[in-house]
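What's in input06.csv: CSV, N, CA and C atoms and all ligand atoms
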chain,number,residue,atom,x,y,z
A,1,MET,N,96.5,119.3,144.8
A,1,MET,CA,97.9,119.6,144.8
A,1,MET,C,98.6,118.8,143.7
A,2,ALA,N,98.4,117.5,143.8
A,2,ALA,CA,99.0,116.6,142.8
A,2,ALA,C,98.5,117.0,141.4
A,3,GLN,N,97.2,117.4,141.4
A,3,GLN,CA,96.6,117.7,140.1
A,3,GLN,C,97.3,119.0,139.6
A,4,ALA,N,97.5,120.0,140.4
A,4,ALA,CA,98.1,121.3,140.0
A,4,ALA,C,99.5,121.0,139.4
A,5,ALA,N,100.2,120.1,140.1
A,5,ALA,CA,101.6,119.8,139.6
A,5,ALA,C,101.5,119.2,138.3
A,6,SER,N,100.6,118.2,138.1
A,6,SER,CA,100.6,117.5,136.8
A,6,SER,C,100.1,118.5,135.7
A,7,SER,N,99.2,119.4,136.1
A,7,SER,CA,98.8,120.3,135.0
A,7,SER,C,99.9,121.3,134.6
A,8,ALA,N,100.7,121.6,135.6
A,8,ALA,CA,101.9,122.5,135.3
A,8,ALA,C,102.8,121.7,134.4
A,9,ARG,N,103.0,120.4,134.7
A,9,ARG,CA,103.9,119.6,133.9
A,9,ARG,C,103.4,119.5,132.4
A,10,SER,N,102.0,119.4,132.4
A,10,SER,CA,101.5,119.2,131.0
A,10,SER,C,101.6,120.6,130.2
A,11,ARG,N,101.5,121.7,131.0
A,11,ARG,CA,101.6,123.0,130.3
A,11,ARG,C,103.0,123.1,129.7
A,12,LYS,N,104.0,122.6,130.6
A,12,LYS,CA,105.4,122.7,130.2
A,12,LYS,C,105.6,121.9,128.9
A,13,LEU,N,105.0,120.7,128.9
A,13,LEU,CA,105.1,119.8,127.8
A,13,LEU,C,104.5,120.4,126.5
A,14,GLU,N,103.4,121.1,126.7
A,14,GLU,CA,102.7,121.8,125.6
A,14,GLU,C,103.7,122.8,125.0
A,15,ARG,N,104.3,123.6,125.9
A,15,ARG,CA,105.2,124.6,125.4
A,15,ARG,C,106.4,124.0,124.6
A,16,GLY,N,106.9,122.9,125.2
A,16,GLY,CA,108.0,122.2,124.5
A,16,GLY,C,107.6,121.7,123.1
A,17,ARG,N,106.4,121.2,123.0
A,17,ARG,CA,105.9,120.7,121.7
A,17,ARG,C,105.8,121.9,120.7
A,18,ALA,N,105.3,123.0,121.2
A,18,ALA,CA,105.1,124.1,120.4
A,18,ALA,C,106.4,124.6,119.8
A,19,ALA,N,107.4,124.6,120.7
A,19,ALA,CA,108.7,125.1,120.3
A,19,ALA,C,109.3,124.1,119.3
A,20,LEU,N,109.1,122.8,119.5
A,20,LEU,CA,109.6,121.8,118.6
A,20,LEU,C,109.0,122.0,117.2
A,21,LEU,N,107.7,122.3,117.3
A,21,LEU,CA,107.0,122.4,116.0
A,21,LEU,C,107.5,123.7,115.3
A,22,ALA,N,107.7,124.7,116.0
A,22,ALA,CA,108.3,126.0,115.4
A,22,ALA,C,109.6,125.7,114.7
A,23,VAL,N,110.4,124.9,115.4
A,23,VAL,CA,111.8,124.6,114.9
A,23,VAL,C,111.7,123.8,113.7
A,24,SER,N,110.8,122.8,113.7
A,24,SER,CA,110.6,121.9,112.5
A,24,SER,C,110.1,122.7,111.3
A,25,VAL,N,109.2,123.7,111.6
A,25,VAL,CA,108.7,124.5,110.5
A,25,VAL,C,109.8,125.3,109.9
A,26,LEU,N,110.6,125.9,110.7
A,26,LEU,CA,111.7,126.7,110.2
A,26,LEU,C,112.7,125.8,109.4
A,27,LEU,N,113.0,124.6,109.9
A,27,LEU,CA,113.9,123.8,109.2
A,27,LEU,C,113.4,123.4,107.8
A,28,LEU,N,112.1,123.1,107.8
A,28,LEU,CA,111.4,122.8,106.5
A,28,LEU,C,111.5,123.9,105.5
A,29,MET,N,111.3,125.1,106.1
A,29,MET,CA,111.3,126.3,105.2
A,29,MET,C,112.7,126.5,104.6
A,30,ALA,N,113.7,126.3,105.5
A,30,ALA,CA,115.1,126.4,105.1
A,30,ALA,C,115.4,125.4,104.0
A,31,ALA,N,115.0,124.2,104.2
A,31,ALA,CA,115.2,123.1,103.3
A,31,ALA,C,114.6,123.4,101.9
A,32,SER,N,113.4,123.9,101.9
A,32,SER,CA,112.8,124.1,100.6
A,32,SER,C,113.3,125.4,99.9
A,33,ALA,N,113.8,126.3,100.7
A,33,ALA,CA,114.5,127.5,100.1
A,33,ALA,C,115.7,127.1,99.4
A,34,ARG,N,116.4,126.0,99.9
A,34,ARG,CA,117.6,125.6,99.2
A,34,ARG,C,117.4,124.5,98.2
A,35,ALA,N,116.1,124.2,97.9
A,35,ALA,CA,115.9,123.1,97.0
A,35,ALA,C,116.5,123.3,95.6
A,36,ALA,N,116.6,124.5,95.2
A,36,ALA,CA,117.2,124.8,93.9
A,36,ALA,C,118.7,124.6,93.8
A,37,GLU,N,119.3,124.6,95.0
A,37,GLU,CA,120.8,124.4,95.0
A,37,GLU,C,121.1,123.0,95.0
A,38,PRO,N,122.1,122.6,94.2
A,38,PRO,CA,122.4,121.2,94.1
A,38,PRO,C,123.0,120.7,95.5
A,39,THR,N,122.7,119.4,95.8
A,39,THR,CA,123.2,118.9,97.0
A,39,THR,C,124.7,118.4,96.8
A,40,SER,N,125.4,118.2,97.9
A,40,SER,CA,126.8,117.7,97.7
A,40,SER,C,126.9,116.4,97.0
A,41,GLU,N,125.8,115.5,97.2
A,41,GLU,CA,125.8,114.2,96.4
A,41,GLU,C,125.7,114.5,94.9
A,42,GLN,N,124.9,115.5,94.5
A,42,GLN,CA,124.7,115.7,93.1
A,42,GLN,C,126.1,116.3,92.5
A,43,ILE,N,126.7,117.1,93.3
A,43,ILE,CA,128.0,117.7,92.8
A,43,ILE,C,129.0,116.5,92.7
A,44,GLU,N,129.1,115.7,93.7
A,44,GLU,CA,130.0,114.5,93.6
A,44,GLU,C,129.7,113.7,92.4
A,45,GLU,N,128.4,113.4,92.1
A,45,GLU,CA,128.1,112.7,90.9
A,45,GLU,C,128.6,113.4,89.6
A,46,GLY,N,128.4,114.7,89.6
A,46,GLY,CA,128.9,115.5,88.5
A,46,GLY,C,130.4,115.4,88.3
A,47,VAL,N,131.1,115.4,89.4
A,47,VAL,CA,132.6,115.2,89.4
A,47,VAL,C,132.9,113.9,88.7
A,48,SER,N,132.2,112.8,89.1
A,48,SER,CA,132.6,111.5,88.6
A,48,SER,C,132.2,111.4,87.1
A,49,ILE,N,131.1,112.0,86.6
A,49,ILE,CA,130.8,112.0,85.2
A,49,ILE,C,131.9,112.8,84.4
A,50,ASP,N,132.3,113.9,85.0
A,50,ASP,CA,133.3,114.8,84.4
A,50,ASP,C,134.6,114.0,84.3
A,51,GLU,N,135.0,113.2,85.3
A,51,GLU,CA,136.2,112.4,85.2
A,51,GLU,C,136.1,111.3,84.2
A,52,ASP,N,134.9,110.7,84.0
A,52,ASP,CA,134.7,109.7,83.0
A,52,ASP,C,134.7,110.2,81.6
A,53,PHE,N,134.1,111.3,81.4
A,53,PHE,CA,133.9,111.7,80.0
A,53,PHE,C,134.6,113.0,79.6
A,54,CYS,N,134.9,113.9,80.5
A,54,CYS,CA,135.3,115.3,80.1
A,54,CYS,C,136.7,115.6,80.4
A,55,ALA,N,137.2,115.0,81.5
A,55,ALA,CA,138.5,115.5,82.0
A,55,ALA,C,139.6,115.2,81.0
A,56,LYS,N,139.5,114.2,80.1
A,56,LYS,CA,140.6,113.9,79.2
A,56,LYS,C,140.8,115.1,78.2
A,57,CYS,N,139.8,115.9,78.0
A,57,CYS,CA,140.0,117.1,77.1
A,57,CYS,C,140.0,118.4,78.0
A,58,HIS,N,139.1,118.4,78.9
A,58,HIS,CA,139.0,119.7,79.7
A,58,HIS,C,139.8,119.7,80.9
A,59,GLY,N,140.5,118.7,81.2
A,59,GLY,CA,141.4,118.7,82.4
A,59,GLY,C,140.7,118.2,83.6
A,60,ARG,N,141.5,117.7,84.6
A,60,ARG,CA,141.0,117.3,85.9
A,60,ARG,C,140.6,118.6,86.6
A,61,ASP,N,139.5,118.5,87.4
A,61,ASP,CA,139.0,119.6,88.2
A,61,ASP,C,138.7,120.8,87.3
A,62,MET,N,138.3,120.5,86.0
A,62,MET,CA,138.0,121.5,85.0
A,62,MET,C,139.1,122.4,84.7
A,63,MET,N,140.3,122.0,85.1
A,63,MET,CA,141.5,122.9,84.8
A,63,MET,C,142.1,122.5,83.5
A,64,ASN,N,141.9,123.3,82.6
A,64,ASN,CA,142.4,123.0,81.2
A,64,ASN,C,143.9,123.1,81.2
A,65,SER,N,144.5,122.1,80.7
A,65,SER,CA,146.0,122.0,80.8
A,65,SER,C,146.6,122.7,79.5
A,66,GLY,N,145.8,123.5,78.8
A,66,GLY,CA,146.3,124.3,77.7
A,66,GLY,C,146.0,123.7,76.4
A,67,GLY,N,145.0,122.8,76.3
A,67,GLY,CA,144.6,122.3,74.9
A,67,GLY,C,143.6,123.2,74.3
A,68,LEU,N,142.9,122.7,73.3
A,68,LEU,CA,141.9,123.5,72.6
A,68,LEU,C,140.6,123.6,73.3
A,69,ALA,N,140.4,122.7,74.2
A,69,ALA,CA,139.1,122.6,74.9
A,69,ALA,C,138.9,123.8,75.8
A,70,LEU,N,137.7,124.3,75.9
A,70,LEU,CA,137.5,125.5,76.7
A,70,LEU,C,137.7,125.2,78.2
A,71,ASP,N,138.2,126.2,78.9
A,71,ASP,CA,138.3,126.1,80.4
A,71,ASP,C,136.9,126.1,81.0
A,72,LEU,N,136.4,125.0,81.5
A,72,LEU,CA,135.0,124.9,81.9
A,72,LEU,C,134.7,125.8,83.0
A,73,ARG,N,135.7,126.2,83.8
A,73,ARG,CA,135.5,127.1,84.9
A,73,ARG,C,135.0,128.5,84.4
A,74,LYS,N,135.3,128.8,83.1
A,74,LYS,CA,134.9,130.1,82.6
A,74,LYS,C,133.6,130.1,81.9
A,75,PHE,N,133.0,128.9,81.8
A,75,PHE,CA,131.7,128.9,81.1
A,75,PHE,C,130.7,129.7,81.8
A,76,PRO,N,129.9,130.5,81.1
A,76,PRO,CA,128.9,131.4,81.8
A,76,PRO,C,127.9,130.6,82.6
A,77,LYS,N,127.8,130.8,83.9
A,77,LYS,CA,127.0,130.1,84.8
A,77,LYS,C,125.5,130.3,84.6
A,78,SER,N,125.2,131.3,83.8
A,78,SER,CA,123.8,131.7,83.6
A,78,SER,C,123.2,131.0,82.4
A,79,ASP,N,124.1,130.3,81.6
A,79,ASP,CA,123.6,129.8,80.3
A,79,ASP,C,123.5,128.3,80.2
A,80,PHE,N,122.6,127.8,81.0
A,80,PHE,CA,122.4,126.3,81.0
A,80,PHE,C,121.9,125.9,79.6
A,81,ALA,N,121.1,126.7,78.9
A,81,ALA,CA,120.6,126.3,77.6
A,81,ALA,C,121.8,126.0,76.6
A,82,ARG,N,122.7,126.9,76.6
A,82,ARG,CA,123.9,126.8,75.7
A,82,ARG,C,124.7,125.6,76.1
A,83,PHE,N,124.9,125.4,77.4
A,83,PHE,CA,125.7,124.2,77.9
A,83,PHE,C,125.0,122.9,77.4
A,84,ARG,N,123.7,122.8,77.6
A,84,ARG,CA,123.0,121.6,77.3
A,84,ARG,C,123.1,121.4,75.8
A,85,ASN,N,122.9,122.4,75.0
A,85,ASN,CA,122.9,122.4,73.6
A,85,ASN,C,124.3,122.0,73.0
A,86,SER,N,125.3,122.6,73.6
A,86,SER,CA,126.7,122.3,73.1
A,86,SER,C,127.0,120.8,73.4
A,87,LEU,N,126.5,120.3,74.6
A,87,LEU,CA,126.8,118.9,74.9
A,87,LEU,C,126.1,118.0,74.0
A,88,LEU,N,124.8,118.2,73.9
A,88,LEU,CA,124.0,117.3,73.1
A,88,LEU,C,124.4,117.3,71.6
A,89,ASN,N,124.8,118.4,71.1
A,89,ASN,CA,125.0,118.5,69.7
A,89,ASN,C,126.5,118.6,69.3
A,90,GLY,N,127.4,118.7,70.3
A,90,GLY,CA,128.8,118.9,70.0
A,90,GLY,C,129.1,120.3,69.6
A,91,LYS,N,130.4,120.6,69.7
A,91,LYS,CA,130.8,122.0,69.3
A,91,LYS,C,132.2,122.0,68.9
A,92,GLY,N,132.5,122.4,67.7
A,92,GLY,CA,133.9,122.5,67.2
A,92,GLY,C,134.5,121.1,67.3
A,93,GLY,N,135.6,121.1,68.1
A,93,GLY,CA,136.4,119.9,68.3
A,93,GLY,C,135.7,118.9,69.3
A,94,MET,N,134.6,119.3,69.9
A,94,MET,CA,134.0,118.4,70.9
A,94,MET,C,132.9,117.6,70.3
A,95,PRO,N,133.0,116.3,70.5
A,95,PRO,CA,131.9,115.4,70.0
A,95,PRO,C,130.6,115.7,70.6
A,96,ALA,N,129.5,115.2,69.9
A,96,ALA,CA,128.2,115.3,70.5
A,96,ALA,C,128.0,114.2,71.6
A,97,TRP,N,127.3,114.6,72.6
A,97,TRP,CA,127.1,113.6,73.7
A,97,TRP,C,125.7,113.0,73.8
A,98,ARG,N,124.9,113.4,72.8
A,98,ARG,CA,123.6,112.9,72.7
A,98,ARG,C,123.7,111.4,72.7
A,99,GLY,N,122.9,110.7,73.5
A,99,GLY,CA,122.9,109.2,73.4
A,99,GLY,C,123.9,108.6,74.4
A,100,THR,N,124.9,109.5,74.8
A,100,THR,CA,125.9,109.0,75.8
A,100,THR,C,125.5,109.5,77.2
A,101,LEU,N,125.2,110.8,77.2
A,101,LEU,CA,124.8,111.5,78.5
A,101,LEU,C,123.3,111.6,78.5
A,102,THR,N,122.7,111.3,79.7
A,102,THR,CA,121.2,111.6,79.9
A,102,THR,C,121.0,113.0,80.3
A,103,ASP,N,119.8,113.4,80.3
A,103,ASP,CA,119.5,114.8,80.8
A,103,ASP,C,119.9,114.9,82.3
A,104,GLU,N,119.8,113.8,83.0
A,104,GLU,CA,120.2,113.9,84.4
A,104,GLU,C,121.7,114.1,84.5
A,105,ASP,N,122.4,113.4,83.7
A,105,ASP,CA,123.9,113.5,83.7
A,105,ASP,C,124.3,115.0,83.4
A,106,ILE,N,123.6,115.6,82.5
A,106,ILE,CA,123.9,117.0,82.1
A,106,ILE,C,123.5,117.9,83.3
A,107,ASP,N,122.4,117.6,84.0
A,107,ASP,CA,122.1,118.4,85.2
A,107,ASP,C,123.2,118.3,86.2
A,108,LEU,N,123.7,117.1,86.4
A,108,LEU,CA,124.7,116.8,87.4
A,108,LEU,C,126.0,117.5,87.1
A,109,LEU,N,126.4,117.5,85.8
A,109,LEU,CA,127.6,118.1,85.3
A,109,LEU,C,127.4,119.7,85.6
A,110,TRP,N,126.2,120.2,85.3
A,110,TRP,CA,126.0,121.6,85.4
A,110,TRP,C,126.1,122.0,86.9
A,111,ALA,N,125.6,121.1,87.8
A,111,ALA,CA,125.7,121.3,89.2
A,111,ALA,C,127.2,121.5,89.6
A,112,TYR,N,128.0,120.6,89.1
A,112,TYR,CA,129.4,120.6,89.4
A,112,TYR,C,130.1,121.9,88.8
A,113,ILE,N,129.8,122.2,87.6
A,113,ILE,CA,130.4,123.4,87.0
A,113,ILE,C,130.0,124.6,87.7
A,114,GLY,N,128.8,124.6,88.3
A,114,GLY,CA,128.4,125.8,89.1
A,114,GLY,C,129.2,126.0,90.3
A,115,THR,N,130.0,125.0,90.7
A,115,THR,CA,130.8,125.2,91.9
A,115,THR,C,132.1,125.9,91.6
A,116,SER,N,132.4,126.1,90.3
A,116,SER,CA,133.7,126.7,90.0
A,116,SER,C,133.6,128.2,90.0
A,117,SER,N,134.6,128.9,90.3
A,117,SER,CA,134.6,130.3,90.3
A,117,SER,C,134.7,130.7,88.8
A,118,GLY,N,134.6,131.9,88.5
A,118,GLY,CA,134.7,132.4,87.1
A,118,GLY,C,133.4,133.0,86.8
A,119,ASP,N,133.1,133.2,85.6
A,119,ASP,CA,131.9,133.9,85.1
A,119,ASP,C,130.6,133.4,85.8
A,201,LIG,C1,137.5,115.1,72.7
A,201,LIG,C2,137.8,116.2,73.6
A,201,LIG,C3,136.6,116.7,74.4
A,201,LIG,C4,135.8,116.0,75.3
A,201,LIG,C5,136.0,114.5,75.7
A,201,LIG,C6,134.9,116.9,75.9
A,201,LIG,N1,135.1,118.2,75.3
A,201,LIG,FE1,134.0,119.8,75.8
A,201,LIG,N2,135.0,120.8,74.3
A,201,LIG,C7,136.1,120.3,73.6
A,201,LIG,C8,136.6,121.4,72.7
A,201,LIG,C9,137.7,121.2,71.7
A,201,LIG,C10,135.7,122.5,72.9
A,201,LIG,C11,135.8,123.8,72.2
A,201,LIG,C12,134.8,123.8,71.1
A,201,LIG,C13,134.8,125.1,70.3
A,201,LIG,O1,134.4,126.1,70.8
A,201,LIG,O2,135.2,125.0,69.1
A,201,LIG,C14,134.8,122.1,74.0
A,201,LIG,C15,133.8,123.0,74.5
A,201,LIG,C16,133.0,122.7,75.5
A,201,LIG,C17,132.1,123.6,76.1
A,201,LIG,C18,131.8,125.0,75.6
A,201,LIG,C19,130.6,125.0,74.7
A,201,LIG,C20,130.2,126.3,74.2
A,201,LIG,O3,129.0,126.5,74.1
A,201,LIG,O4,131.1,127.2,74.0
A,201,LIG,C21,131.5,123.0,77.1
A,201,LIG,C22,130.5,123.6,78.1
A,201,LIG,C23,132.1,121.7,77.2
A,201,LIG,N3,133.0,121.5,76.2
A,201,LIG,C24,131.7,120.7,78.2
A,201,LIG,C25,132.2,119.4,78.1
A,201,LIG,C26,131.7,118.4,79.0
A,201,LIG,C27,130.8,118.6,80.2
A,201,LIG,C28,132.3,117.2,78.7
A,201,LIG,C29,132.1,115.9,79.3
A,201,LIG,C30,130.8,115.3,79.1
A,201,LIG,C31,133.2,117.5,77.5
A,201,LIG,N4,133.1,118.9,77.2
A,201,LIG,C32,134.0,116.6,76.9
A,201,LIG,C33,136.6,119.1,73.7
A,201,LIG,C34,136.1,118.0,74.4

Structure translated into structure tokens:
Amino acid sequence: MAQAASSARSRKLERGRAALLAVSVLLLMAASARAAEPTSEQIEEGVSIDEDFCAKCHGRDMMNSGGLALDLRKFPKSDFARFRNSLLNGKGGMPAWRGTLTDEDIDLLWAYIGTSSGD
């Protein structure tokens, strides 16, 4: 009798573990599916780099106050290569950022720019 009860309990435990495992697997899958999306920490870092280096020309929150600098919200979100190239080498009235910004900084800025609406 005592044995039957304990084996019922252990079956229950087994089921509990299996369910937990299934949930963890699902969570892991969800996490890896989102791996390509920037985290909110990365976006925050992008914001702070933007405030340090870009906002004086491109405006706070990427909102151009009407100067010559491009409205960053309109930059095509599919063209990271152009973004990186324009930053490293400069463009028109914009100085080159090679040597000032690291590749990681550029990735973080790109994560931030990706949050804006527009193209
Ligand atoms: C000294 C002012 C100035 C600063 C600081 C500045 N920019 Fe610019 N930026 C410009 C101007 C002016 C243009 C327009 C260049 C053109 O098309 O002639 C521009 C253009 C751009 C473009 C469009 C490039 C393209 O391919 O059309 C991007 C993207 C950009 N800036 C990002 C940034 C980022 C990110 C920062 C901060 C690291 C930054 N800029 C800092 C003045 C500035």

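Interatomic distance, atom CA of Leu68 of chain A to atom C25 of ligand LIG 201 (chain A): 11.9 Å.
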
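Shortest atom-to-atom contact with ligand LIG 201 (chain A) among A:Lys91, A:Arg84, A:Arg15, A:Lys77: A:Lys91, counting all atoms listed in the file.
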
I want to know what sits within 9 Å of Met94 of chain A, based on only C-alpha atoms, with residues of the same chain fewer than 6 positions away left out; could you give that as a PDB file with N, CA and C atoms, in the coordinates of the input?
ATOM      1  N   CYS A  57     139.800 115.900  78.000  1.00  0.00           N
ATOM      2  CA  CYS A  57     140.000 117.100  77.100  1.00  0.00           C
ATOM      3  C   CYS A  57     140.000 118.400  78.000  1.00  0.00           C
ATOM      4  N   ALA A  69     140.400 122.700  74.200  1.00  0.00           N
ATOM      5  CA  ALA A  69     139.100 122.600  74.900  1.00  0.00           C
ATOM      6  C   ALA A  69     138.900 123.800  75.800  1.00  0.00           C
ATOM      7  N   SER A  86     125.300 122.600  73.600  1.00  0.00           N
ATOM      8  CA  SER A  86     126.700 122.300  73.100  1.00  0.00           C
ATOM      9  C   SER A  86     127.000 120.800  73.400  1.00  0.00           C
ATOM     10  N   LEU A  87     126.500 120.300  74.600  1.00  0.00           N
ATOM     11  CA  LEU A  87     126.800 118.900  74.900  1.00  0.00           C
ATOM     12  C   LEU A  87     126.100 118.000  74.000  1.00  0.00           C
TER      13      LEU A  87
END

With distances taken over only C-alpha atoms and all ligand atoms, which of A:Val23, A:Met63, A:Ala18, A:Leu72 is nearest to ligand LIG 201 (chain A)? A:Leu72

One-decimal distance in Å that lies between atom CA of Ser117 of chain A and atom CA of Thr100 of chain A: 27.2 Å

What's the separation between atom CA of Asp103 of chain A and atom N of Gly66 of chain A, in Å to one decimal place? 27.8 Å

Using all atoms listed in the file, what are the residues with an atom within 8 Å of ligand LIG 201 (chain A), set out as a ChimeraX atom specification? /A:49-59,67-72,75-76,81-87,90-95,97,101,105-106,109-110

Report the residues of chain A whose backbone DSSP state falls under alpha helix (DSSP H), written as a PyMOL selection string. chain A and resi 2-33+40-49+55-58+80-89+103-113

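Among the candidates A:Lys12, A:Ile113, A:Arg73, A:Thr102, the one nearest to Val47 of chain A when counting all atoms listed in the file is A:Ile113.
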